[in-house]
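> File name model-v8.pdb; file contents PDB, C-alpha atoms; full text below.
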```pdb
MODEL        1
ATOM      1  CA  MET A   1       5.419  -6.969 -13.259  1.00  0.00           C
ATOM      2  CA  ALA A   2       1.660  -6.431 -13.598  1.00  0.00           C
ATOM      3  CA  TRP A   3       1.117  -5.419  -9.988  1.00  0.00           C
ATOM      4  CA  ARG A   4       3.577  -2.540  -9.884  1.00  0.00           C
ATOM      5  CA  PRO A   5       1.856   0.499 -11.446  1.00  0.00           C
ATOM      6  CA  GLY A   6      -1.387   0.372  -9.512  1.00  0.00           C
ATOM      7  CA  LEU A   7       0.024  -0.638  -6.166  1.00  0.00           C
ATOM      8  CA  LEU A   8       2.958   1.727  -6.132  1.00  0.00           C
ATOM      9  CA  ALA A   9       1.043   4.835  -7.098  1.00  0.00           C
ATOM     10  CA  GLY A  10      -0.079   5.378  -3.526  1.00  0.00           C
ATOM     11  CA  ALA A  11       3.306   4.563  -2.055  1.00  0.00           C
ATOM     12  CA  PHE A  12       5.188   7.144  -4.085  1.00  0.00           C
ATOM     13  CA  ALA A  13       2.551   9.790  -3.411  1.00  0.00           C
ATOM     14  CA  ILE A  14       3.861  10.150   0.147  1.00  0.00           C
ATOM     15  CA  GLY A  15       6.641  12.508  -0.970  1.00  0.00           C
ATOM     16  CA  LEU A  16       8.173  15.083   1.285  1.00  0.00           C
ATOM     17  CA  SER A  17       5.235  17.375   1.964  1.00  0.00           C
ATOM     18  CA  CYS A  18       4.830  18.580   5.493  1.00  0.00           C
ATOM     19  CA  ALA A  19       1.291  17.175   5.611  1.00  0.00           C
ATOM     20  CA  ALA A  20       2.497  13.676   4.782  1.00  0.00           C
ATOM     21  CA  PHE A  21       4.110  13.066   8.142  1.00  0.00           C
ATOM     22  CA  ALA A  22       3.340  13.452  11.803  1.00  0.00           C
ATOM     23  CA  HIS A  23       5.850  15.917  13.277  1.00  0.00           C
ATOM     24  CA  ALA A  24       6.782  16.898  16.787  1.00  0.00           C
ATOM     25  CA  ASP A  25       7.021  20.527  15.570  1.00  0.00           C
ATOM     26  CA  PRO A  26       5.199  20.858  12.232  1.00  0.00           C
ATOM     27  CA  ALA A  27       5.819  24.607  11.910  1.00  0.00           C
ATOM     28  CA  TYR A  28       9.583  24.299  12.284  1.00  0.00           C
ATOM     29  CA  GLU A  29       9.842  21.277  10.008  1.00  0.00           C
ATOM     30  CA  GLY A  30       7.607  22.936   7.427  1.00  0.00           C
ATOM     31  CA  TRP A  31       9.895  25.973   7.506  1.00  0.00           C
ATOM     32  CA  LEU A  32      12.952  23.735   6.984  1.00  0.00           C
ATOM     33  CA  LEU A  33      11.237  22.185   3.969  1.00  0.00           C
ATOM     34  CA  ARG A  34      10.439  25.599   2.482  1.00  0.00           C
ATOM     35  CA  MET A  35      14.019  26.728   3.060  1.00  0.00           C
ATOM     36  CA  GLY A  36      15.384  23.551   1.508  1.00  0.00           C
ATOM     37  CA  ASP A  37      17.470  22.829   4.631  1.00  0.00           C
ATOM     38  CA  TYR A  38      17.295  19.067   4.261  1.00  0.00           C
ATOM     39  CA  GLU A  39      20.399  18.433   6.342  1.00  0.00           C
ATOM     40  CA  THR A  40      18.867  20.026   9.456  1.00  0.00           C
ATOM     41  CA  LEU A  41      15.543  18.357   8.702  1.00  0.00           C
ATOM     42  CA  ALA A  42      17.278  14.977   8.511  1.00  0.00           C
ATOM     43  CA  ASN A  43      18.956  15.554  11.865  1.00  0.00           C
ATOM     44  CA  VAL A  44      15.635  16.547  13.440  1.00  0.00           C
ATOM     45  CA  TRP A  45      13.968  13.430  12.074  1.00  0.00           C
ATOM     46  CA  ARG A  46      16.861  11.218  13.151  1.00  0.00           C
ATOM     47  CA  ALA A  47      16.552  12.509  16.708  1.00  0.00           C
ATOM     48  CA  ASP A  48      12.798  11.922  16.569  1.00  0.00           C
ATOM     49  CA  ASN A  49      13.368   8.406  15.231  1.00  0.00           C
ATOM     50  CA  ASP A  50      14.994   6.997  18.382  1.00  0.00           C
ATOM     51  CA  SER A  51      11.750   5.315  19.410  1.00  0.00           C
ATOM     52  CA  GLY A  52      11.889   3.160  16.286  1.00  0.00           C
ATOM     53  CA  ASP A  53       8.402   4.161  15.176  1.00  0.00           C
ATOM     54  CA  GLY A  54       7.576   2.730  11.735  1.00  0.00           C
ATOM     55  CA  ALA A  55       6.005   5.943  10.443  1.00  0.00           C
ATOM     56  CA  LYS A  56       9.119   7.917  11.369  1.00  0.00           C
ATOM     57  CA  GLN A  57      11.368   5.335   9.749  1.00  0.00           C
ATOM     58  CA  GLU A  58       9.255   5.529   6.607  1.00  0.00           C
ATOM     59  CA  ARG A  59       9.567   9.314   6.340  1.00  0.00           C
ATOM     60  CA  LEU A  60      13.346   9.107   6.744  1.00  0.00           C
ATOM     61  CA  ALA A  61      13.468   6.465   4.004  1.00  0.00           C
ATOM     62  CA  GLU A  62      11.495   8.750   1.681  1.00  0.00           C
ATOM     63  CA  LEU A  63      13.955  11.573   2.328  1.00  0.00           C
ATOM     64  CA  PHE A  64      17.120   9.492   2.015  1.00  0.00           C
ATOM     65  CA  LEU A  65      15.988   7.579  -1.082  1.00  0.00           C
ATOM     66  CA  GLY A  66      14.563  10.641  -2.798  1.00  0.00           C
ATOM     67  CA  PRO A  67      16.016  13.530  -4.797  1.00  0.00           C
ATOM     68  CA  HIS A  68      17.214  15.392  -1.685  1.00  0.00           C
ATOM     69  CA  ALA A  69      19.368  12.587  -0.257  1.00  0.00           C
ATOM     70  CA  GLN A  70      22.633  14.363  -1.077  1.00  0.00           C
ATOM     71  CA  ALA A  71      21.424  17.631   0.437  1.00  0.00           C
ATOM     72  CA  ALA A  72      20.279  15.734   3.531  1.00  0.00           C
ATOM     73  CA  LYS A  73      23.756  14.145   3.767  1.00  0.00           C
ATOM     74  CA  ALA A  74      22.344  10.663   4.194  1.00  0.00           C
ATOM     75  CA  ARG A  75      24.819   8.108   5.474  1.00  0.00           C
ATOM     76  CA  PRO A  76      25.586   5.150   3.193  1.00  0.00           C
ATOM     77  CA  PHE A  77      22.549   2.861   2.964  1.00  0.00           C
ATOM     78  CA  GLU A  78      20.679   4.814   5.650  1.00  0.00           C
ATOM     79  CA  GLY A  79      17.702   5.068   3.340  1.00  0.00           C
ATOM     80  CA  ILE A  80      17.319   1.358   2.636  1.00  0.00           C
ATOM     81  CA  HIS A  81      17.850   0.538   6.315  1.00  0.00           C
ATOM     82  CA  ASN A  82      14.947   2.768   7.336  1.00  0.00           C
ATOM     83  CA  LEU A  83      12.814   1.468   4.466  1.00  0.00           C
ATOM     84  CA  TYR A  84      13.484  -2.138   5.509  1.00  0.00           C
ATOM     85  CA  TRP A  85      12.687  -1.438   9.176  1.00  0.00           C
ATOM     86  CA  ALA A  86       9.439   0.316   8.262  1.00  0.00           C
ATOM     87  CA  ALA A  87       8.433  -2.505   5.910  1.00  0.00           C
ATOM     88  CA  LEU A  88       9.071  -5.105   8.591  1.00  0.00           C
ATOM     89  CA  ARG A  89       6.652  -3.159  10.774  1.00  0.00           C
ATOM     90  CA  GLY A  90       4.047  -3.320   8.025  1.00  0.00           C
ATOM     91  CA  ARG A  91       4.055   0.299   6.813  1.00  0.00           C
ATOM     92  CA  ARG A  92       2.174   0.111   3.509  1.00  0.00           C
ATOM     93  CA  GLY A  93       4.223   2.701   1.617  1.00  0.00           C
ATOM     94  CA  ALA A  94       7.505   1.166   2.755  1.00  0.00           C
ATOM     95  CA  VAL A  95       6.332  -2.351   1.893  1.00  0.00           C
ATOM     96  CA  LEU A  96       5.422  -1.339  -1.650  1.00  0.00           C
ATOM     97  CA  ARG A  97       8.614   0.625  -2.230  1.00  0.00           C
ATOM     98  CA  LEU A  98      10.673  -2.306  -0.934  1.00  0.00           C
ATOM     99  CA  ALA A  99       8.812  -4.570  -3.367  1.00  0.00           C
ATOM    100  CA  ASP A 100       9.658  -2.223  -6.234  1.00  0.00           C
ATOM    101  CA  ALA A 101      13.332  -2.047  -5.173  1.00  0.00           C
ATOM    102  CA  LEU A 102      13.540  -5.851  -5.107  1.00  0.00           C
ATOM    103  CA  ASP A 103      11.938  -6.019  -8.541  1.00  0.00           C
ATOM    104  CA  LYS A 104      14.624  -3.652  -9.877  1.00  0.00           C
ATOM    105  CA  GLY A 105      17.595  -4.692  -7.721  1.00  0.00           C
ATOM    106  CA  ALA A 106      17.905  -1.124  -6.391  1.00  0.00           C
ATOM    107  CA  PHE A 107      19.433   0.381  -3.227  1.00  0.00           C
ATOM    108  CA  GLY A 108      21.860  -2.519  -2.657  1.00  0.00           C
ATOM    109  CA  LEU A 109      19.150  -5.181  -2.838  1.00  0.00           C
ATOM    110  CA  ARG A 110      19.503  -8.256  -5.003  1.00  0.00           C
ATOM    111  CA  LYS A 111      16.913  -8.476  -7.782  1.00  0.00           C
ATOM    112  CA  ARG A 112      14.468 -11.113  -6.534  1.00  0.00           C
ATOM    113  CA  PRO A 113      11.075 -11.241  -8.337  1.00  0.00           C
ATOM    114  CA  GLU A 114       9.714 -13.790  -5.864  1.00  0.00           C
ATOM    115  CA  ALA A 115      10.621 -11.529  -2.933  1.00  0.00           C
ATOM    116  CA  ALA A 116       9.115  -8.547  -4.756  1.00  0.00           C
ATOM    117  CA  ARG A 117       5.853 -10.428  -5.243  1.00  0.00           C
ATOM    118  CA  CYS A 118       5.818 -11.492  -1.597  1.00  0.00           C
ATOM    119  CA  TRP A 119       6.071  -7.902  -0.334  1.00  0.00           C
ATOM    120  CA  ALA A 120       3.728  -6.570  -3.054  1.00  0.00           C
ATOM    121  CA  HIS A 121       0.951  -8.772  -1.669  1.00  0.00           C
ATOM    122  CA  LEU A 122       1.061  -6.560   1.448  1.00  0.00           C
ATOM    123  CA  PRO A 123       1.674  -9.258   4.071  1.00  0.00           C
ATOM    124  CA  ALA A 124      -0.597  -8.344   6.951  1.00  0.00           C
ATOM    125  CA  THR A 125       0.945 -10.296   9.821  1.00  0.00           C
ATOM    126  CA  PHE A 126       4.345 -10.539  11.450  1.00  0.00           C
ATOM    127  CA  ASP A 127       4.727 -14.167  10.320  1.00  0.00           C
ATOM    128  CA  ALA A 128       3.763 -13.296   6.749  1.00  0.00           C
ATOM    129  CA  ARG A 129       6.377 -10.529   6.645  1.00  0.00           C
ATOM    130  CA  LEU A 130       9.008 -12.907   8.032  1.00  0.00           C
ATOM    131  CA  ALA A 131       8.277 -15.174   5.060  1.00  0.00           C
ATOM    132  CA  CYS A 132       9.093 -12.232   2.767  1.00  0.00           C
ATOM    133  CA  VAL A 133      12.237 -11.445   4.767  1.00  0.00           C
ATOM    134  CA  ARG A 134      13.499 -14.984   4.076  1.00  0.00           C
ATOM    135  CA  LEU A 135      13.278 -14.251   0.347  1.00  0.00           C
ATOM    136  CA  THR A 136      14.918 -10.816   0.572  1.00  0.00           C
ATOM    137  CA  GLU A 137      18.595 -10.686  -0.333  1.00  0.00           C
ATOM    138  CA  PHE A 138      21.200  -7.935  -0.634  1.00  0.00           C
ATOM    139  CA  ARG A 139      23.827  -7.733  -3.356  1.00  0.00           C
ATOM    140  CA  ASP A 140      25.822  -5.333  -1.179  1.00  0.00           C
ATOM    141  CA  ALA A 141      26.471  -6.718   2.312  1.00  0.00           C
ATOM    142  CA  LYS A 142      26.669  -3.193   3.745  1.00  0.00           C
ATOM    143  CA  ALA A 143      23.095  -2.529   2.677  1.00  0.00           C
ATOM    144  CA  ARG A 144      21.757  -5.284   4.936  1.00  0.00           C
ATOM    145  CA  PRO A 145      20.772  -3.989   8.373  1.00  0.00           C
ATOM    146  CA  GLY A 146      22.557  -5.832  11.148  1.00  0.00           C
ATOM    147  CA  CYS A 147      20.486  -8.283  13.142  1.00  0.00           C
ATOM    148  CA  GLY A 148      20.850  -6.125  16.238  1.00  0.00           C
ATOM    149  CA  ASP A 149      19.563  -3.115  14.279  1.00  0.00           C
ATOM    150  CA  LEU A 150      16.211  -4.706  13.445  1.00  0.00           C
ATOM    151  CA  PRO A 151      12.981  -3.706  15.216  1.00  0.00           C
ATOM    152  CA  ILE A 152      12.539  -4.521  18.883  1.00  0.00           C
ATOM    153  CA  ALA A 153       8.821  -3.742  18.792  1.00  0.00           C
ATOM    154  CA  ARG A 154       5.848  -4.745  16.681  1.00  0.00           C
ATOM    155  CA  GLU A 155       3.880  -2.288  14.555  1.00  0.00           C
ATOM    156  CA  ASP A 156       1.355  -1.830  17.372  1.00  0.00           C
ATOM    157  CA  GLY A 157       4.134  -0.857  19.814  1.00  0.00           C
ATOM    158  CA  ARG A 158       4.193  -4.128  21.763  1.00  0.00           C
ATOM    159  CA  PRO A 159       7.764  -5.286  22.425  1.00  0.00           C
ATOM    160  CA  LEU A 160       8.959  -8.424  20.688  1.00  0.00           C
ATOM    161  CA  ASP A 161       9.612 -11.350  22.971  1.00  0.00           C
ATOM    162  CA  GLY A 162      12.867 -13.283  22.748  1.00  0.00           C
ATOM    163  CA  ALA A 163      11.446 -15.892  20.403  1.00  0.00           C
ATOM    164  CA  ASP A 164      10.154 -13.395  17.831  1.00  0.00           C
ATOM    165  CA  ALA A 165      13.334 -11.305  17.970  1.00  0.00           C
ATOM    166  CA  ALA A 166      15.392 -14.445  17.314  1.00  0.00           C
ATOM    167  CA  ARG A 167      13.096 -15.408  14.443  1.00  0.00           C
ATOM    168  CA  ILE A 168      13.784 -12.093  12.712  1.00  0.00           C
ATOM    169  CA  CYS A 169      17.526 -12.774  12.828  1.00  0.00           C
ATOM    170  CA  ILE A 170      17.050 -16.338  11.634  1.00  0.00           C
ATOM    171  CA  ALA A 171      14.873 -15.125   8.747  1.00  0.00           C
ATOM    172  CA  THR A 172      17.578 -12.661   7.651  1.00  0.00           C
ATOM    173  CA  GLY A 173      20.140 -15.470   7.607  1.00  0.00           C
ATOM    174  CA  THR A 174      22.052 -14.084  10.593  1.00  0.00           C
ATOM    175  CA  PRO A 175      21.260 -16.468  13.493  1.00  0.00           C
ATOM    176  CA  THR A 176      22.497 -14.940  16.721  1.00  0.00           C
ATOM    177  CA  LEU A 177      23.325 -16.185  20.216  1.00  0.00           C
ATOM    178  CA  LEU A 178      23.231 -13.825  23.193  1.00  0.00           C
ATOM    179  CA  GLU A 179      26.031 -14.422  25.683  1.00  0.00           C
ATOM    180  CA  PRO A 180      26.502 -12.613  29.005  1.00  0.00           C
ATOM    181  CA  GLY A 181      29.888 -11.142  29.780  1.00  0.00           C
ATOM    182  CA  PRO A 182      32.020  -8.001  30.034  1.00  0.00           C
ATOM    183  CA  PRO A 183      33.298  -6.146  26.976  1.00  0.00           C
ATOM    184  CA  PRO A 184      35.040  -8.741  24.779  1.00  0.00           C
ATOM    185  CA  GLY A 185      38.721  -9.397  25.398  1.00  0.00           C
ATOM    186  CA  PRO A 186      41.090 -11.093  22.904  1.00  0.00           C
ATOM    187  CA  GLU A 187      39.851 -14.622  23.617  1.00  0.00           C
ATOM    188  CA  THR A 188      36.185 -13.659  23.308  1.00  0.00           C
ATOM    189  CA  VAL A 189      36.948 -11.839  20.067  1.00  0.00           C
ATOM    190  CA  ARG A 190      38.525 -15.046  18.727  1.00  0.00           C
ATOM    191  CA  ARG A 191      35.398 -16.998  19.714  1.00  0.00           C
ATOM    192  CA  ILE A 192      33.176 -14.416  18.014  1.00  0.00           C
ATOM    193  CA  ARG A 193      35.227 -14.775  14.823  1.00  0.00           C
ATOM    194  CA  ALA A 194      35.122 -18.563  15.060  1.00  0.00           C
ATOM    195  CA  TYR A 195      31.334 -18.606  15.308  1.00  0.00           C
ATOM    196  CA  ALA A 196      31.097 -16.078  12.477  1.00  0.00           C
ATOM    197  CA  ARG A 197      32.962 -18.494  10.192  1.00  0.00           C
ATOM    198  CA  HIS A 198      30.019 -20.843  10.721  1.00  0.00           C
ATOM    199  CA  GLY A 199      27.469 -18.136   9.954  1.00  0.00           C
ATOM    200  CA  ILE A 200      26.535 -17.489  13.585  1.00  0.00           C
ATOM    201  CA  THR A 201      26.723 -14.140  15.363  1.00  0.00           C
ATOM    202  CA  LEU A 202      27.876 -14.334  18.989  1.00  0.00           C
ATOM    203  CA  ALA A 203      26.668 -11.156  20.725  1.00  0.00           C
ATOM    204  CA  VAL A 204      28.099 -10.290  24.151  1.00  0.00           C
ATOM    205  CA  THR A 205      25.371  -8.412  26.022  1.00  0.00           C
ATOM    206  CA  GLY A 206      27.105  -7.261  29.221  1.00  0.00           C
ATOM    207  CA  ASP A 207      27.575  -8.633  32.721  1.00  0.00           C
ATOM    208  CA  VAL A 208      24.798  -6.785  34.595  1.00  0.00           C
ATOM    209  CA  TYR A 209      22.182  -9.270  35.784  1.00  0.00           C
ATOM    210  CA  ASP A 210      18.560  -8.459  35.117  1.00  0.00           C
ATOM    211  CA  PRO A 211      15.909 -11.178  35.607  1.00  0.00           C
ATOM    212  CA  ALA A 212      13.659  -9.921  32.810  1.00  0.00           C
ATOM    213  CA  PHE A 213      16.498  -9.809  30.307  1.00  0.00           C
ATOM    214  CA  GLU A 214      17.727 -13.238  31.374  1.00  0.00           C
ATOM    215  CA  ALA A 215      14.272 -14.625  30.613  1.00  0.00           C
ATOM    216  CA  TYR A 216      14.386 -12.835  27.244  1.00  0.00           C
ATOM    217  CA  ARG A 217      17.888 -14.189  26.539  1.00  0.00           C
ATOM    218  CA  ASP A 218      16.861 -17.740  27.421  1.00  0.00           C
ATOM    219  CA  GLN A 219      13.866 -17.616  25.083  1.00  0.00           C
ATOM    220  CA  TYR A 220      15.960 -15.992  22.343  1.00  0.00           C
ATOM    221  CA  ASN A 221      18.758 -18.556  22.534  1.00  0.00           C
ATOM    222  CA  ARG A 222      16.427 -21.546  22.757  1.00  0.00           C
ATOM    223  CA  THR A 223      14.699 -20.369  19.571  1.00  0.00           C
ATOM    224  CA  THR A 224      18.025 -19.954  17.767  1.00  0.00           C
ATOM    225  CA  VAL A 225      19.341 -23.318  18.954  1.00  0.00           C
ATOM    226  CA  ALA A 226      16.187 -25.095  17.796  1.00  0.00           C
ATOM    227  CA  ALA A 227      16.415 -23.495  14.346  1.00  0.00           C
ATOM    228  CA  LEU A 228      20.091 -24.396  13.898  1.00  0.00           C
ATOM    229  CA  GLU A 229      19.598 -27.949  15.149  1.00  0.00           C
ATOM    230  CA  ALA A 230      16.712 -28.404  12.738  1.00  0.00           C
ATOM    231  CA  ILE A 231      19.278 -27.827   9.969  1.00  0.00           C
ATOM    232  CA  HIS A 232      22.460 -29.369  11.382  1.00  0.00           C
ATOM    233  CA  GLY A 233      21.164 -32.024  13.754  1.00  0.00           C
ATOM    234  CA  ARG A 234      20.626 -32.356  17.467  1.00  0.00           C
ATOM    235  CA  GLY A 235      23.552 -31.203  19.601  1.00  0.00           C
ATOM    236  CA  TYR A 236      25.074 -29.121  16.788  1.00  0.00           C
ATOM    237  CA  LEU A 237      25.868 -26.042  18.859  1.00  0.00           C
ATOM    238  CA  GLU A 238      27.291 -28.088  21.719  1.00  0.00           C
ATOM    239  CA  ARG A 239      29.624 -29.867  19.302  1.00  0.00           C
ATOM    240  CA  LEU A 240      30.582 -26.603  17.628  1.00  0.00           C
ATOM    241  CA  GLY A 241      31.258 -24.911  20.985  1.00  0.00           C
ATOM    242  CA  ASN A 242      33.441 -27.811  22.116  1.00  0.00           C
ATOM    243  CA  GLU A 243      35.371 -27.671  18.858  1.00  0.00           C
ATOM    244  CA  ILE A 244      35.975 -23.931  19.166  1.00  0.00           C
ATOM    245  CA  ASP A 245      37.043 -24.277  22.808  1.00  0.00           C
ATOM    246  CA  ALA A 246      39.412 -27.129  21.933  1.00  0.00           C
ATOM    247  CA  ARG A 247      41.095 -25.056  19.257  1.00  0.00           C
ATOM    248  CA  ALA A 248      41.485 -22.187  21.714  1.00  0.00           C
ATOM    249  CA  ALA A 249      43.019 -24.520  24.297  1.00  0.00           C
ATOM    250  CA  ALA A 250      45.434 -25.874  21.708  1.00  0.00           C
ATOM    251  CA  ARG A 251      46.677 -22.352  20.991  1.00  0.00           C
TER     252      ARG A 251
ENDMDL
END
```
So, in terms of structure tokens, how does the structure I just supplied come out?

Amino acid sequence: MAWRPGLLAGAFAIGLSCAAFAHADPAYEGWLLRMGDYETLANVWRADNDSGDGAKQERLAELFLGPHAQAAKARPFEGIHNLYWAALRGRRGAVLRLADALDKGAFGLRKRPEAARCWAHLPATFDARLACVRLTEFRDAKARPGCGDLPIAREDGRPLDGADAARICIATGTPTLLEPGPPPGPETVRRIRAYARHGITLAVTGDVYDPAFEAYRDQYNRTTVAALEAIHGRGYLERLGNEIDARAAAR
């Protein structure tokens, strides 16, 4: 593709130099790099990655998708997961490397030239990146990050509201409903499996009441319901829920 050489030159220049990343302890991490202790470095970066910062996800992706992945003892598909998260947050290097991977069908992604072109155009807004997400496919299901593993904050640090979080899951083809309740028992597990057969994830979120989260859940579920009903018709989820409950009662 004509766009690849020029655009990707900057992305691949990130590398693993100490100066390329912002570190909590640059001296220690620089020493680990000089010693070639990539396993310890990976663990340090993982611990520093809990905030879900896009820059930190991008540096982990560079490590786990680079020549030192085996030495760093990367978990299966950990590299592409971090690359995907960073790209969704708009990190330029991650966006361009994701575009290249889609062009080649690398790292468990399905080769999709149209998706590669979408990311290569450096989508600047959340909505524009969601359009690219809709085109992005994985040839290995394990390479796809779970809907619940996707970012809960925008690139500027603002938290996603329920509607935008639901839209990410819808764009990835994993529409999700949030349901209050205790840890799933046998009947709830059967309901989860029943919804999954229809391509819907039923996520049980706990039975502790919190007004802010309830508002988030309501917005999230209303967005998901509207998207599914736009495809399957008004009242689709009510009919599906009644059908699943009737089958459970029959058992």
> Considering all atoms listed in the file, can you say which of A:Arg89, A:Leu63, A:Arg191, A:Glu214 comes closest to Leu160 (chain A)?
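For Leu160 (chain A), the nearest of the given residues is A:Arg89.
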> Would you pick out the contacts of Val133 (chain A) at 10 Å or less, using all atoms listed in the file, so that residues sharing its chain but fewer than 5 positions from it are not included, and give the list as a VMD selection string?
chain A and resid 84 87 to 88 115 118 to 119 127 to 128 168 to 173
> Mind listing whatever residues come within 10 Å of the point (8.8, -2.1, -1.0)? Use only C-alpha atoms, file coordinates, and give them as JSON, numbers by chain.
{"A": [8, 11, 80, 83, 84, 86, 87, 91, 92, 93, 94, 95, 96, 97, 98, 99, 100, 101, 102, 103, 115, 116, 117, 118, 119, 120, 122]}
> Using only C-alpha atoms for the distances, tell me which of A:Ala196, A:Val204, A:Met35, A:Ala163 is nearest to Pro180 (chain A).
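Looking at the shortest contact to Pro180 (chain A), the residue is A:Val204.
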> Between CA of Arg193 (chain A) and CA of Asp245 (chain A), measure the distance and give it in Å to one decimal.
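A separation of 12.5 Å between them.
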> Take CA of Asp164 (chain A) and CA of Phe64 (chain A) and report the distance between them in Å, one decimal.
28.7 Å
> Kindly assemble as a tab-separated table a list of the region 67-105 of chain A residues that lie within 12 Å of region 37-48 of chain A, each paired with its nearest atom pair and their distance in Å to one decimal, using all atoms listed in the file, sorted first by chain and then by ascending residue number.

```
residue	atom	partner	partner_atom	distance
A:Pro67	CA	A:Tyr38	CA	10.7
A:His68	CA	A:Tyr38	CA	7.0
A:Ala69	CA	A:Tyr38	CA	8.2
A:Gln70	CA	A:Glu39	CA	8.8
A:Ala71	CA	A:Tyr38	CA	5.8
A:Ala72	CA	A:Glu39	CA	3.9
A:Lys73	CA	A:Glu39	CA	6.0
A:Ala74	CA	A:Ala42	CA	7.9
A:Arg75	CA	A:Ala42	CA	10.6
A:Glu78	CA	A:Arg46	CA	10.6
A:Gly79	CA	A:Ala42	CA	11.2
A:Asn82	CA	A:Arg46	CA	10.4
```
> At a cut-off of 7 Å, can you tabulate as CSV every residue of region 120-210 of chain A near region 218-237 of chain A together with its closest atom pair and the distance in Å to one decimal, using only C-alpha atoms and ordering rows by chain then number?

```
residue,atom,partner,partner_atom,distance
A:Gly162,CA,A:Tyr220,CA,4.1
A:Ala163,CA,A:Tyr220,CA,4.9
A:Ala165,CA,A:Tyr220,CA,6.9
A:Ala166,CA,A:Tyr220,CA,5.3
A:Pro175,CA,A:Thr224,CA,6.4
A:Thr176,CA,A:Thr224,CA,6.8
A:Leu177,CA,A:Asn221,CA,5.6
A:Leu178,CA,A:Asn221,CA,6.5
```
> Quick one, how far is CA of Leu109 (chain A) from CA of Ala55 (chain A)?
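CA of Ala55 (chain A) lies at a distance of 21.7 Å from CA of Leu109 (chain A).
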> From the set A:Ala106, A:Leu65, A:Ile244, A:Leu60, which residue has the shortest atom-to-atom contact distance to Phe138 (chain A), counting only C-alpha atoms?
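With only C-alpha atoms as the atom set, the closest residue is A:Ala106.
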> Decode the PyMOL selection byres ((chain A and resi 182-186) around 10) for the given file into explicit residues and return them as a PyMOL selection string.
chain A and resi 179-181+187-192+203-208
> Would you please work out which residue, of A:Pro159, A:Arg251, A:Gly90, A:Arg110, is nearest to Arg129 (chain A) when using all atoms listed in the file?
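With all atoms listed in the file as the atom set, the closest residue is A:Gly90.
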> Export region 118-131 of chain A of the preceding structure, keeping N, CA and C atoms, as a PDB file, in the first residue's frame.

```pdb
ATOM      1  N   CYS A 118      -8.219   2.769   7.005  1.00  0.00           N
ATOM      2  CA  CYS A 118      -8.953   3.588   7.973  1.00  0.00           C
ATOM      3  C   CYS A 118      -8.030   4.048   9.099  1.00  0.00           C
ATOM      4  N   TRP A 119      -7.268   3.123   9.683  1.00  0.00           N
ATOM      5  CA  TRP A 119      -6.351   3.494  10.761  1.00  0.00           C
ATOM      6  C   TRP A 119      -5.196   4.340  10.238  1.00  0.00           C
ATOM      7  N   ALA A 120      -4.710   4.044   9.019  1.00  0.00           N
ATOM      8  CA  ALA A 120      -3.562   4.770   8.469  1.00  0.00           C
ATOM      9  C   ALA A 120      -3.876   6.242   8.232  1.00  0.00           C
ATOM     10  N   HIS A 121      -5.137   6.579   8.117  1.00  0.00           N
ATOM     11  CA  HIS A 121      -5.527   7.986   7.950  1.00  0.00           C
ATOM     12  C   HIS A 121      -5.492   8.750   9.270  1.00  0.00           C
ATOM     13  N   LEU A 122      -5.047   8.081  10.332  1.00  0.00           N
ATOM     14  CA  LEU A 122      -4.890   8.705  11.652  1.00  0.00           C
ATOM     15  C   LEU A 122      -6.183   9.370  12.123  1.00  0.00           C
ATOM     16  N   PRO A 123      -7.226   8.556  12.345  1.00  0.00           N
ATOM     17  CA  PRO A 123      -8.499   9.133  12.804  1.00  0.00           C
ATOM     18  C   PRO A 123      -8.308   9.942  14.070  1.00  0.00           C
ATOM     19  N   ALA A 124      -8.771  11.179  14.047  1.00  0.00           N
ATOM     20  CA  ALA A 124      -8.430  12.122  15.116  1.00  0.00           C
ATOM     21  C   ALA A 124      -9.447  12.163  16.243  1.00  0.00           C
ATOM     22  N   THR A 125     -10.633  11.615  16.029  1.00  0.00           N
ATOM     23  CA  THR A 125     -11.669  11.696  17.052  1.00  0.00           C
ATOM     24  C   THR A 125     -12.086  10.304  17.502  1.00  0.00           C
ATOM     25  N   PHE A 126     -12.742  10.260  18.637  1.00  0.00           N
ATOM     26  CA  PHE A 126     -13.254   9.003  19.176  1.00  0.00           C
ATOM     27  C   PHE A 126     -14.205   8.334  18.180  1.00  0.00           C
ATOM     28  N   ASP A 127     -15.117   9.102  17.603  1.00  0.00           N
ATOM     29  CA  ASP A 127     -16.074   8.539  16.642  1.00  0.00           C
ATOM     30  C   ASP A 127     -15.372   8.011  15.399  1.00  0.00           C
ATOM     31  N   ALA A 128     -14.351   8.723  14.934  1.00  0.00           N
ATOM     32  CA  ALA A 128     -13.617   8.273  13.756  1.00  0.00           C
ATOM     33  C   ALA A 128     -12.884   6.967  14.037  1.00  0.00           C
ATOM     34  N   ARG A 129     -12.337   6.828  15.242  1.00  0.00           N
ATOM     35  CA  ARG A 129     -11.653   5.573  15.586  1.00  0.00           C
ATOM     36  C   ARG A 129     -12.650   4.429  15.738  1.00  0.00           C
ATOM     37  N   LEU A 130     -13.847   4.724  16.256  1.00  0.00           N
ATOM     38  CA  LEU A 130     -14.871   3.680  16.332  1.00  0.00           C
ATOM     39  C   LEU A 130     -15.222   3.157  14.941  1.00  0.00           C
ATOM     40  N   ALA A 131     -15.226   4.043  13.939  1.00  0.00           N
ATOM     41  CA  ALA A 131     -15.491   3.599  12.575  1.00  0.00           C
ATOM     42  C   ALA A 131     -14.422   2.613  12.112  1.00  0.00           C
TER      43      ALA A 131
END
```
